[in-house]
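Visitor: This is the structure I want to talk about, given as structure tokens.
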Amino acid sequence: MLDMILSQAVNGLVLGFLYVLIAIGLSIIFGMLGIVNFAHGAFFAVGAYLAYALGKEFGWWAALAAPLLTGAIGVVVEMVLIRHLYGKEPLLGLILTFALALLAEAVLRLIFGGAPVPFSAPKFLAGFVEYGPILMTKYRLFVLVATVLVLVLFWAFLAYTPYGRIIRAGSRDPEMVGLLGINLPIVFTGVFGIGCLLAGLGGMLAAPLWTITPSMAAGAIMPAFVIVTIGGLGSFSGAIVAGLLVGITTAMTIQFQPEWSGAAMYVLMAAILLIRPRGLFGERWERFE
Amino acid sequence: MPYVGSAAAAEPIKIGMIWAKTGSIVDQSEYLAQGGMLALEQRNNTLLGRPAEIVWLDEPNPQGAQQSAERLVGEQKVVGMVGGALSSFALAISSVAKKAKIPYVAANAATGDLTGKSCNKYTFRLQPPVDVHARILAPYCASIGKKWYLLTASYAFGQDIKRAFTDYITANGGTVVGADEVPVGTPDYSSFILKIRAAKPDVVIGGIAASDLTTFLKQWNELGMKGKIPFAEISVGNTDLWGVGPEAADGLYTITWWYKNPDNTPDEQTMAAAYQKKYNRPAADKAWMGWLGMKSLLDSIEMAKSTEPGAIVQALEAWKYRRGDLDIGYRDFDHQMTSRLLVAGIHPKITDKWDYFDVKAELPKTPDDVAKAFGTKADSACKMDTL
């Protein structure tokens with residue numbers, strides 16, 4: 001039994017990292033722009049479909065462009081729609097991004113049809129690695145490494161680059177950043193684009209594992225919201241810890257009480273919010289009070 | 001004298017269609033809806049010499065399905081309904097059909113309750129119930145091995161499969177070495193697959209539908225299980241496999257219809273050709289189910305020469321459709337359609353992106369065996385009410 005628990009824990013970690021990748025974009029968009037982006041799952045689906053379309057047309061390596069294209073779509077969406085919501089009633093953002101999510105699903109259905117489309121991992125990532133009781137496929141290992149790499153790079157970008165410092169400062173006091181002569185609209189556009197790029201990357205990495213359908217966003221957006229809530233809204237490290245917690249909790253519930261596996265992350269969220277209403281790493285943000 | 005026209009002559013006859021436009025079953029629903037619309041188009045969109053139209057509403061969940069049915073009856077004044085992609089949706093629509101006294105054809109739902117203990121005079125069901133599928137597939141699975149692992153969805157369809165296959169294998173000297181109920185919309189099955197791998201069953205019996213099945217099969221292959229432990233499931237559709245892809249597709253299934261079956265009737269061949277021409281892809285089994293479900297309702301309205309619900313119900317009870325040596329139709333005592341099923345594996349090498357199924361048999365063989373597989377009136381849990 002101990003072997004099985006260990007195996008499930010490692011498997012849960014991999015799942016958790018994929019969730020982190022999806023959630024982190026949602027978290028920074030909220031942290032910086034104050035927008036609860038209901039369309040985040042739609043960008044995840046767009047990333048998966050772009051990976052499928054590019055991979056089918058030009059080969060698997062072309063699928064790697066999918067996150068960049070998703071980020072570019074995000075930039076356009078921010079410039080056309082999202083920027084009109086800054087400083088407005090939060091409900092407006094919810095309604096608009098919810099409508100955007102429905103629109104994206106309808107557009108994907110129009111272009112690709114409602115039936116799922118096939119997409120597999122590249123041949124060189126086929127097969128699996130066994131270490132004692134732990135079984136991990138090469139592709140999941142690749143997802144794990146890629147996600148950790150992206151998270152480290154993103155953390156370094158936020159911590160050590162001038163642009164990262166502007167984002168961090170802007171997330172706390174955008175007015176002051178603006179008064180310092182920094183072009184905030186461009187920063188906001190960049191942040192939204194990065195958030196969408198991360199969602200697209202999640203979609204691309206999940207495409208060989210999940211079913212690619214226009215409604216696949218639903219499978220991504222709920223765990224992402226739960227993770228952001230557990231970790232604390234806008235918290236980078238909170239999203240990572242929460243993602244791993246959700247992954248492991250889900251895997252363990254499947255092992256011992258499978259019929260509860262869908263509800264496990266919500267129970268975890270409720271329990272954590274009862275103890276820490278702002279989430280694990282949530283802080284008091286003056287601009288949202 | 002001024003002309004006084006009949007208002008009814010100008011009013012189109014409305015048929016309600018409830019198939020999911022969002023959610024996990026939407027991929028199958030697209031085909032079910034297209035098949036239904038094709039059935040009306042083949043009549044030049046007319047019924048009883050009047051224009052006819054289909055009003056298609058969504059079924060995002062059971063409550064949404066019920067609300068759509070209420071809207072179709074109350075606002076659109078439909079004369080009949082077709083729909084209910086999932087068993088839980090169909091049960092919800094059926095309750096509205098009973099209350100509003102409007103004929104309803106459930107073309108896809110497989111739970112036994114629909115024509116069992118929850119049957120009613122206004123509900124007709126096309127899909128064979130889980131127990132019939134199980135009677136046909138279970139002997140194939142038992143011939144592979146007697147240690148089964150059940151992975152079933154946590155709603156009526158999955159629970160029926162769990163019960164039917166557990167009953168069969170325990171009655172035939174086998175064992176269930178594991179049984180997991182899976183929430184609908186589960187995005188990652190790897191933890192379930194690890195449990196199955198550790199349990200070392202001879203066969204895995206699935207009871208998960210549509211895109212959930214597609215996801216499972218992709219991850220089953222990814223974790224190296226394809227070809228190691230046989231996987232079997234009832235009532236699977238073409239669309240479920242098309243999304244899996246040739247590399248990952250695997251399993252032993254019962255299917256209701258196959259576009260390449262040489263025994264398809266001329267009507268079915270015409271439908272398949274029209275579908276291919278219109279949508280530039282083969283007619284999936286779900287397109288056939290949507291088409292036949294709608295056709296049975298439209299034929300019955302013509303037979304009844306009326307849009308009066310009671311007359312349509314009586315016509316539906318009398319409606320027959322000849323397939324080979326078998327008259328398929330809805331039984332009067334439970335409104336279940338009796339028909340044959342196909343047992344299919346997957347081609348070892350898939351060369352045509354639409355053609356995955358390697359059809360092994362069409363069962364039951366004789367009309368008497370068909371009747372036996374569906375059970376007699378005495379076996380039925382249905383206590384049919386009156387008009």
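Chain labels A, B, ... are given in the sequence in which chains occur in the structure tokens; within each chain residues are numbered consecutively from 1, and ligands are likewise numbered from 1 in the order shown.
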Please report as a list in words which residues of chain B come no farther than 6 Å from chain A, using only C-alpha atoms.
Guide: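 Close to chain A, chain B has Gly23, Asp27, Asp180, Glu181, Val182, Pro183, Ser191, Thr215, Gln219, Gly243, Val244 and Gly245 of chain B.
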Visitor: Write to file, as a short mmCIF file (atom, residue, chain, number, x, y, z; two decimals), in the first residue's frame, the residues of the selection just made, with C-alpha atoms.
Guide:
```cif
data_model
loop_
_atom_site.label_atom_id
_atom_site.label_comp_id
_atom_site.auth_asym_id
_atom_site.auth_seq_id
_atom_site.Cartn_x
_atom_site.Cartn_y
_atom_site.Cartn_z
CA GLY B 23 -20.66 20.34 -21.84
CA ASP B 27 -19.36 16.13 -29.41
CA ASP B 180 -14.15 2.86 -9.12
CA GLU B 181 -16.86 5.42 -9.74
CA VAL B 182 -15.52 8.37 -11.71
CA PRO B 183 -16.95 11.91 -11.63
CA SER B 191 -4.37 7.86 -10.79
CA THR B 215 -9.55 11.22 -22.37
CA GLN B 219 -4.09 8.31 -21.02
CA GLY B 243 -10.89 11.98 -30.88
CA VAL B 244 -8.57 9.33 -29.42
CA GLY B 245 -6.50 9.02 -32.58
#
```
Visitor: Would you list the contacts of range 155-168 of chain A as a ChimeraX atom specification, taking every protein, DNA or RNA residue within 7 Å and counting only C-alpha atoms, but skipping same-chain residues closer than 4 positions in sequence?
Guide: /A:32,151,172
Visitor: Kindly export the residues of the current selection with C-alpha atoms, as a PDB file, in the first residue's frame.
Guide:
```
ATOM      1  CA  MET A  32      -1.996  43.179 -11.833  1.00  0.00           C
ATOM      2  CA  LEU A 151       8.034  28.858 -13.451  1.00  0.00           C
ATOM      3  CA  ARG A 172       0.236  47.061  -5.715  1.00  0.00           C
TER       4      ARG A 172
END
```
Visitor: To one decimal place, how far is CA of Val370 in chain B from CA of Gly112 in chain B in Å?
Guide: 16.6 Å
Visitor: Enumerate as a PyMOL selection string all residues of range 22-89 of chain B assigned to alpha helix (DSSP H) by DSSP on the backbone, naming them with the chain letters and numbers the document uses.
Guide: chain B and resi 26-41+62-74+87-89
Visitor: Mind pulling up the distance from CA of Pro364 in chain B to CA of Thr214 in chain B?
Guide: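 One can read the CA of Thr214 in chain B to CA of Pro364 in chain B distance as 27.7 Å.
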Visitor: Measure the distance from CA of Glu59 in chain B to CA of Val107 in chain A in Å and round it to one decimal.
Guide: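 One can read the CA of Glu59 in chain B to CA of Val107 in chain A distance as 19.4 Å.
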Visitor: Extract, using only C-alpha atoms, all DNA, RNA and protein residues at most 10 Å from range 183-194 of chain A, discarding same-chain residues fewer than 4 positions from it, and format them as a PyMOL selection string.
Guide: chain A and resi 25-26+28-33+35+37+67-79+82-83+86+154+163-164+166-167+170-171+174-175+177-179+198-200
Visitor: Pick out the residues sitting within 12 Å of Tyr321 in chain B, and hand them over as an mmCIF file with N, CA and C atoms, in the first residue's frame; count only C-alpha atoms, and ignore anything fewer than 4 positions along from it in its own chain.
Guide:
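Below is the file that was written, out.cif:
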```cif
data_model
loop_
_atom_site.group_PDB
_atom_site.id
_atom_site.type_symbol
_atom_site.label_atom_id
_atom_site.label_comp_id
_atom_site.auth_asym_id
_atom_site.auth_seq_id
_atom_site.Cartn_x
_atom_site.Cartn_y
_atom_site.Cartn_z
ATOM 1 N N THR B 265 -30.020 -0.692 -44.441
ATOM 2 C CA THR B 265 -31.180 -0.623 -45.347
ATOM 3 C C THR B 265 -30.957 0.464 -46.409
ATOM 4 N N PRO B 266 -31.706 0.405 -47.527
ATOM 5 C CA PRO B 266 -31.588 1.471 -48.541
ATOM 6 C C PRO B 266 -31.822 2.869 -47.936
ATOM 7 N N ASP B 267 -32.788 2.982 -47.019
ATOM 8 C CA ASP B 267 -33.055 4.275 -46.357
ATOM 9 C C ASP B 267 -31.816 4.769 -45.607
ATOM 10 N N GLU B 268 -31.181 3.837 -44.919
ATOM 11 C CA GLU B 268 -29.984 4.205 -44.145
ATOM 12 C C GLU B 268 -28.830 4.586 -45.065
ATOM 13 N N LEU B 292 -32.869 8.317 -36.876
ATOM 14 C CA LEU B 292 -33.929 7.323 -36.699
ATOM 15 C C LEU B 292 -34.920 7.758 -35.608
ATOM 16 N N GLY B 293 -34.401 8.357 -34.537
ATOM 17 C CA GLY B 293 -35.290 8.845 -33.472
ATOM 18 C C GLY B 293 -36.255 9.880 -34.023
ATOM 19 N N LYS B 295 -36.953 10.347 -37.268
ATOM 20 C CA LYS B 295 -37.765 9.723 -38.328
ATOM 21 C C LYS B 295 -38.974 8.995 -37.723
ATOM 22 N N SER B 296 -38.746 8.283 -36.606
ATOM 23 C CA SER B 296 -39.859 7.543 -36.006
ATOM 24 C C SER B 296 -40.961 8.499 -35.557
ATOM 25 N N ASP B 299 -42.550 10.032 -38.889
ATOM 26 C CA ASP B 299 -43.393 8.998 -39.521
ATOM 27 C C ASP B 299 -44.706 8.840 -38.752
ATOM 28 N N SER B 300 -44.590 8.866 -37.432
ATOM 29 C CA SER B 300 -45.777 8.629 -36.593
ATOM 30 C C SER B 300 -46.768 9.779 -36.694
ATOM 31 N N LEU B 316 -46.765 5.898 -32.698
ATOM 32 C CA LEU B 316 -45.395 5.492 -32.331
ATOM 33 C C LEU B 316 -45.380 4.040 -31.853
ATOM 34 N N GLU B 317 -46.419 3.656 -31.113
ATOM 35 C CA GLU B 317 -46.495 2.266 -30.630
ATOM 36 C C GLU B 317 -46.647 1.289 -31.797
ATOM 37 N N ASP B 325 -34.162 -9.163 -41.423
ATOM 38 C CA ASP B 325 -35.277 -10.047 -41.087
ATOM 39 C C ASP B 325 -36.029 -9.565 -39.847
ATOM 40 N N LEU B 326 -35.746 -8.334 -39.428
ATOM 41 C CA LEU B 326 -36.290 -7.864 -38.149
ATOM 42 C C LEU B 326 -37.107 -6.587 -38.330
ATOM 43 N N ASP B 327 -38.322 -6.599 -37.776
ATOM 44 C CA ASP B 327 -39.105 -5.363 -37.703
ATOM 45 C C ASP B 327 -38.725 -4.655 -36.410
ATOM 46 N N ILE B 328 -38.021 -3.542 -36.508
ATOM 47 C CA ILE B 328 -37.690 -2.851 -35.256
ATOM 48 C C ILE B 328 -38.773 -1.810 -34.983
ATOM 49 N N GLY B 329 -39.046 -1.626 -33.713
ATOM 50 C CA GLY B 329 -40.100 -0.692 -33.324
ATOM 51 C C GLY B 329 -40.153 -0.605 -31.812
ATOM 52 N N TYR B 330 -41.038 0.251 -31.309
ATOM 53 C CA TYR B 330 -41.157 0.439 -29.855
ATOM 54 C C TYR B 330 -42.191 -0.544 -29.306
ATOM 55 N N MET B 337 -37.356 0.391 -27.939
ATOM 56 C CA MET B 337 -37.123 -0.128 -29.290
ATOM 57 C C MET B 337 -36.277 -1.392 -29.192
ATOM 58 N N THR B 338 -36.641 -2.414 -29.965
ATOM 59 C CA THR B 338 -35.819 -3.634 -29.996
ATOM 60 C C THR B 338 -35.047 -3.661 -31.305
ATOM 61 N N SER B 339 -33.762 -3.906 -31.209
ATOM 62 C CA SER B 339 -32.926 -3.935 -32.416
ATOM 63 C C SER B 339 -31.660 -4.741 -32.113
#
```
Visitor: Out of range 136-370 of chain B, which residues get strand (DSSP E) from DSSP, as a PyMOL selection string?
Guide: chain B and resi 147-153+175-182+203-207+231-233+252-255+320-323+326-329+341-346+357-363
Visitor: Would you save the residues of that selection, restricted to N, CA and C atoms, as a short mmCIF file (atom, residue, chain, number, x, y, z; two decimals), in the first residue's frame?
Guide:
```
data_model
loop_
_atom_site.label_atom_id
_atom_site.label_comp_id
_atom_site.auth_asym_id
_atom_site.auth_seq_id
_atom_site.Cartn_x
_atom_site.Cartn_y
_atom_site.Cartn_z
N LYS B 147 -11.33 -12.07 -14.09
CA LYS B 147 -11.04 -11.05 -13.07
C LYS B 147 -11.27 -9.68 -13.73
N TRP B 148 -12.33 -9.00 -13.30
CA TRP B 148 -12.71 -7.75 -13.95
C TRP B 148 -12.48 -6.55 -13.03
N TYR B 149 -12.11 -5.45 -13.64
CA TYR B 149 -12.02 -4.16 -12.92
C TYR B 149 -13.04 -3.23 -13.57
N LEU B 150 -13.89 -2.59 -12.78
CA LEU B 150 -14.93 -1.72 -13.32
C LEU B 150 -14.59 -0.25 -13.08
N LEU B 151 -14.61 0.51 -14.16
CA LEU B 151 -14.36 1.95 -14.06
C LEU B 151 -15.58 2.64 -14.67
N THR B 152 -16.47 3.13 -13.82
CA THR B 152 -17.76 3.60 -14.32
C THR B 152 -18.07 5.01 -13.83
N ALA B 153 -18.84 5.73 -14.63
CA ALA B 153 -19.21 7.10 -14.28
C ALA B 153 -20.19 7.09 -13.11
N THR B 175 -14.67 -12.75 -10.61
CA THR B 175 -14.61 -11.78 -9.50
C THR B 175 -14.39 -10.37 -10.03
N VAL B 176 -14.83 -9.43 -9.22
CA VAL B 176 -14.54 -8.01 -9.51
C VAL B 176 -13.37 -7.63 -8.60
N VAL B 177 -12.21 -7.38 -9.20
CA VAL B 177 -11.02 -7.11 -8.38
C VAL B 177 -10.89 -5.63 -8.02
N GLY B 178 -11.73 -4.82 -8.60
CA GLY B 178 -11.73 -3.39 -8.26
C GLY B 178 -12.87 -2.70 -8.96
N ALA B 179 -13.42 -1.67 -8.33
CA ALA B 179 -14.52 -0.92 -8.95
C ALA B 179 -14.43 0.53 -8.50
N ASP B 180 -14.23 1.44 -9.45
CA ASP B 180 -14.15 2.86 -9.12
C ASP B 180 -15.25 3.62 -9.84
N GLU B 181 -15.90 4.51 -9.11
CA GLU B 181 -16.86 5.42 -9.74
C GLU B 181 -16.15 6.74 -10.02
N VAL B 182 -16.28 7.21 -11.25
CA VAL B 182 -15.52 8.37 -11.71
C VAL B 182 -16.45 9.56 -11.90
N VAL B 203 -9.60 -8.07 -17.48
CA VAL B 203 -10.34 -7.15 -18.37
C VAL B 203 -10.74 -5.92 -17.56
N VAL B 204 -10.73 -4.76 -18.21
CA VAL B 204 -11.28 -3.54 -17.59
C VAL B 204 -12.60 -3.24 -18.29
N ILE B 205 -13.67 -3.13 -17.51
CA ILE B 205 -14.98 -2.78 -18.07
C ILE B 205 -15.19 -1.29 -17.83
N GLY B 206 -15.36 -0.55 -18.90
CA GLY B 206 -15.57 0.89 -18.78
C GLY B 206 -17.04 1.24 -18.76
N GLY B 207 -17.34 2.35 -18.14
CA GLY B 207 -18.71 2.88 -18.12
C GLY B 207 -18.65 4.39 -18.10
N PHE B 231 -9.58 -3.64 -22.73
CA PHE B 231 -10.58 -2.68 -22.24
C PHE B 231 -11.87 -2.89 -23.03
N ALA B 232 -12.99 -2.91 -22.35
CA ALA B 232 -14.28 -3.12 -23.03
C ALA B 232 -15.31 -2.15 -22.49
N GLU B 233 -16.19 -1.71 -23.38
CA GLU B 233 -17.27 -0.81 -22.94
C GLU B 233 -18.46 -0.94 -23.88
N LEU B 252 -12.84 -3.18 -26.94
CA LEU B 252 -13.88 -4.06 -27.46
C LEU B 252 -15.21 -3.41 -27.06
N TYR B 253 -16.10 -3.22 -28.04
CA TYR B 253 -17.27 -2.38 -27.78
C TYR B 253 -18.55 -2.98 -28.35
N THR B 254 -19.68 -2.50 -27.83
CA THR B 254 -20.94 -2.66 -28.57
C THR B 254 -21.25 -1.30 -29.17
N ILE B 255 -21.69 -1.32 -30.44
CA ILE B 255 -22.10 -0.09 -31.11
C ILE B 255 -23.48 -0.33 -31.73
N LYS B 320 -43.18 0.73 -37.30
CA LYS B 320 -42.21 -0.36 -37.52
C LYS B 320 -41.23 0.05 -38.61
N TYR B 321 -40.03 -0.49 -38.51
CA TYR B 321 -38.99 -0.18 -39.50
C TYR B 321 -38.25 -1.47 -39.79
N ARG B 322 -38.26 -1.89 -41.05
CA ARG B 322 -37.70 -3.20 -41.40
C ARG B 322 -36.18 -3.11 -41.56
N ARG B 323 -35.46 -3.91 -40.78
CA ARG B 323 -34.00 -4.03 -40.96
C ARG B 323 -33.70 -5.51 -41.14
N LEU B 326 -35.75 -8.33 -39.43
CA LEU B 326 -36.29 -7.86 -38.15
C LEU B 326 -37.11 -6.59 -38.33
N ASP B 327 -38.32 -6.60 -37.78
CA ASP B 327 -39.10 -5.36 -37.70
C ASP B 327 -38.72 -4.66 -36.41
N ILE B 328 -38.02 -3.54 -36.51
CA ILE B 328 -37.69 -2.85 -35.26
C ILE B 328 -38.77 -1.81 -34.98
N GLY B 329 -39.05 -1.63 -33.71
CA GLY B 329 -40.10 -0.69 -33.32
C GLY B 329 -40.15 -0.61 -31.81
N LEU B 341 -27.38 -5.24 -32.06
CA LEU B 341 -26.18 -4.45 -31.76
C LEU B 341 -24.98 -5.05 -32.49
N LEU B 342 -23.97 -4.23 -32.71
CA LEU B 342 -22.73 -4.71 -33.31
C LEU B 342 -21.67 -4.84 -32.23
N VAL B 343 -20.92 -5.93 -32.28
CA VAL B 343 -19.76 -6.07 -31.40
C VAL B 343 -18.53 -5.74 -32.24
N ALA B 344 -17.73 -4.79 -31.77
CA ALA B 344 -16.61 -4.32 -32.59
C ALA B 344 -15.34 -4.15 -31.77
N GLY B 345 -14.24 -4.56 -32.37
CA GLY B 345 -12.92 -4.23 -31.82
C GLY B 345 -12.36 -3.06 -32.61
N ILE B 346 -11.08 -2.83 -32.50
CA ILE B 346 -10.42 -1.75 -33.24
C ILE B 346 -9.46 -2.39 -34.25
N PHE B 357 -13.50 0.84 -36.49
CA PHE B 357 -14.12 -0.37 -35.95
C PHE B 357 -13.89 -1.60 -36.83
N ASP B 358 -13.53 -2.67 -36.15
CA ASP B 358 -13.39 -3.98 -36.77
C ASP B 358 -14.59 -4.79 -36.28
N VAL B 359 -15.68 -4.78 -37.08
CA VAL B 359 -16.94 -5.38 -36.61
C VAL B 359 -16.84 -6.90 -36.60
N LYS B 360 -17.14 -7.49 -35.44
CA LYS B 360 -16.98 -8.93 -35.27
C LYS B 360 -18.31 -9.68 -35.44
N ALA B 361 -19.41 -9.07 -35.01
CA ALA B 361 -20.69 -9.78 -35.08
C ALA B 361 -21.84 -8.79 -34.96
N GLU B 362 -23.00 -9.18 -35.51
CA GLU B 362 -24.23 -8.42 -35.28
C GLU B 362 -25.15 -9.33 -34.51
N LEU B 363 -25.50 -8.95 -33.30
CA LEU B 363 -26.20 -9.85 -32.38
C LEU B 363 -27.42 -9.15 -31.76
#
```
Visitor: Compile the contact shell of Gln63 in chain B as a PDB file with N, CA and C atoms, in the first residue's frame: residues with an atom at most 12 Å away, counting only C-alpha atoms, same-chain residues fewer than 3 positions apart removed.
Guide:
```
ATOM      1  N   ASP B  58     -30.680  23.713 -25.794  1.00  0.00           N
ATOM      2  CA  ASP B  58     -29.506  23.124 -25.131  1.00  0.00           C
ATOM      3  C   ASP B  58     -29.921  22.251 -23.935  1.00  0.00           C
ATOM      4  N   GLU B  59     -29.014  21.428 -23.476  1.00  0.00           N
ATOM      5  CA  GLU B  59     -29.202  20.651 -22.234  1.00  0.00           C
ATOM      6  C   GLU B  59     -27.856  20.639 -21.491  1.00  0.00           C
ATOM      7  N   PRO B  60     -27.522  21.747 -20.840  1.00  0.00           N
ATOM      8  CA  PRO B  60     -26.215  21.820 -20.185  1.00  0.00           C
ATOM      9  C   PRO B  60     -26.093  20.882 -18.980  1.00  0.00           C
ATOM     10  N   GLN B  66     -34.468  19.846 -18.398  1.00  0.00           N
ATOM     11  CA  GLN B  66     -35.874  19.947 -17.980  1.00  0.00           C
ATOM     12  C   GLN B  66     -36.445  21.324 -18.348  1.00  0.00           C
ATOM     13  N   GLN B  67     -35.653  22.377 -18.113  1.00  0.00           N
ATOM     14  CA  GLN B  67     -36.122  23.730 -18.443  1.00  0.00           C
ATOM     15  C   GLN B  67     -36.330  23.881 -19.954  1.00  0.00           C
ATOM     16  N   SER B  68     -35.408  23.296 -20.737  1.00  0.00           N
ATOM     17  CA  SER B  68     -35.548  23.375 -22.193  1.00  0.00           C
ATOM     18  C   SER B  68     -36.826  22.665 -22.640  1.00  0.00           C
ATOM     19  N   ALA B  69     -37.094  21.503 -22.048  1.00  0.00           N
ATOM     20  CA  ALA B  69     -38.317  20.764 -22.400  1.00  0.00           C
ATOM     21  C   ALA B  69     -39.548  21.589 -22.041  1.00  0.00           C
ATOM     22  N   GLU B  70     -39.521  22.228 -20.884  1.00  0.00           N
ATOM     23  CA  GLU B  70     -40.669  23.058 -20.469  1.00  0.00           C
ATOM     24  C   GLU B  70     -40.859  24.238 -21.418  1.00  0.00           C
ATOM     25  N   GLY B  84     -32.045  14.278 -25.230  1.00  0.00           N
ATOM     26  CA  GLY B  84     -31.566  13.644 -24.002  1.00  0.00           C
ATOM     27  C   GLY B  84     -30.308  12.840 -24.247  1.00  0.00           C
ATOM     28  N   SER B  88     -29.246  11.030 -17.489  1.00  0.00           N
ATOM     29  CA  SER B  88     -29.818  11.949 -16.508  1.00  0.00           C
ATOM     30  C   SER B  88     -30.632  13.041 -17.197  1.00  0.00           C
ATOM     31  N   PHE B  89     -30.195  13.464 -18.388  1.00  0.00           N
ATOM     32  CA  PHE B  89     -30.941  14.478 -19.136  1.00  0.00           C
ATOM     33  C   PHE B  89     -32.267  13.882 -19.627  1.00  0.00           C
ATOM     34  N   ALA B  90     -32.177  12.656 -20.153  1.00  0.00           N
ATOM     35  CA  ALA B  90     -33.365  12.018 -20.726  1.00  0.00           C
ATOM     36  C   ALA B  90     -34.429  11.781 -19.653  1.00  0.00           C
ATOM     37  N   LEU B  91     -33.994  11.389 -18.451  1.00  0.00           N
ATOM     38  CA  LEU B  91     -34.957  11.177 -17.366  1.00  0.00           C
ATOM     39  C   LEU B  91     -35.659  12.487 -17.008  1.00  0.00           C
ATOM     40  N   ALA B  92     -34.894  13.592 -17.053  1.00  0.00           N
ATOM     41  CA  ALA B  92     -35.478  14.903 -16.744  1.00  0.00           C
ATOM     42  C   ALA B  92     -36.496  15.308 -17.813  1.00  0.00           C
ATOM     43  N   ILE B  93     -36.147  15.088 -19.090  1.00  0.00           N
ATOM     44  CA  ILE B  93     -37.066  15.451 -20.188  1.00  0.00           C
ATOM     45  C   ILE B  93     -38.308  14.559 -20.136  1.00  0.00           C
ATOM     46  N   SER B  95     -39.783  13.317 -17.617  1.00  0.00           N
ATOM     47  CA  SER B  95     -40.742  13.745 -16.586  1.00  0.00           C
ATOM     48  C   SER B  95     -41.600  14.907 -17.104  1.00  0.00           C
ATOM     49  N   VAL B  96     -41.001  15.786 -17.928  1.00  0.00           N
ATOM     50  CA  VAL B  96     -41.774  16.892 -18.517  1.00  0.00           C
ATOM     51  C   VAL B  96     -42.757  16.338 -19.545  1.00  0.00           C
TER      52      VAL B  96
END
```
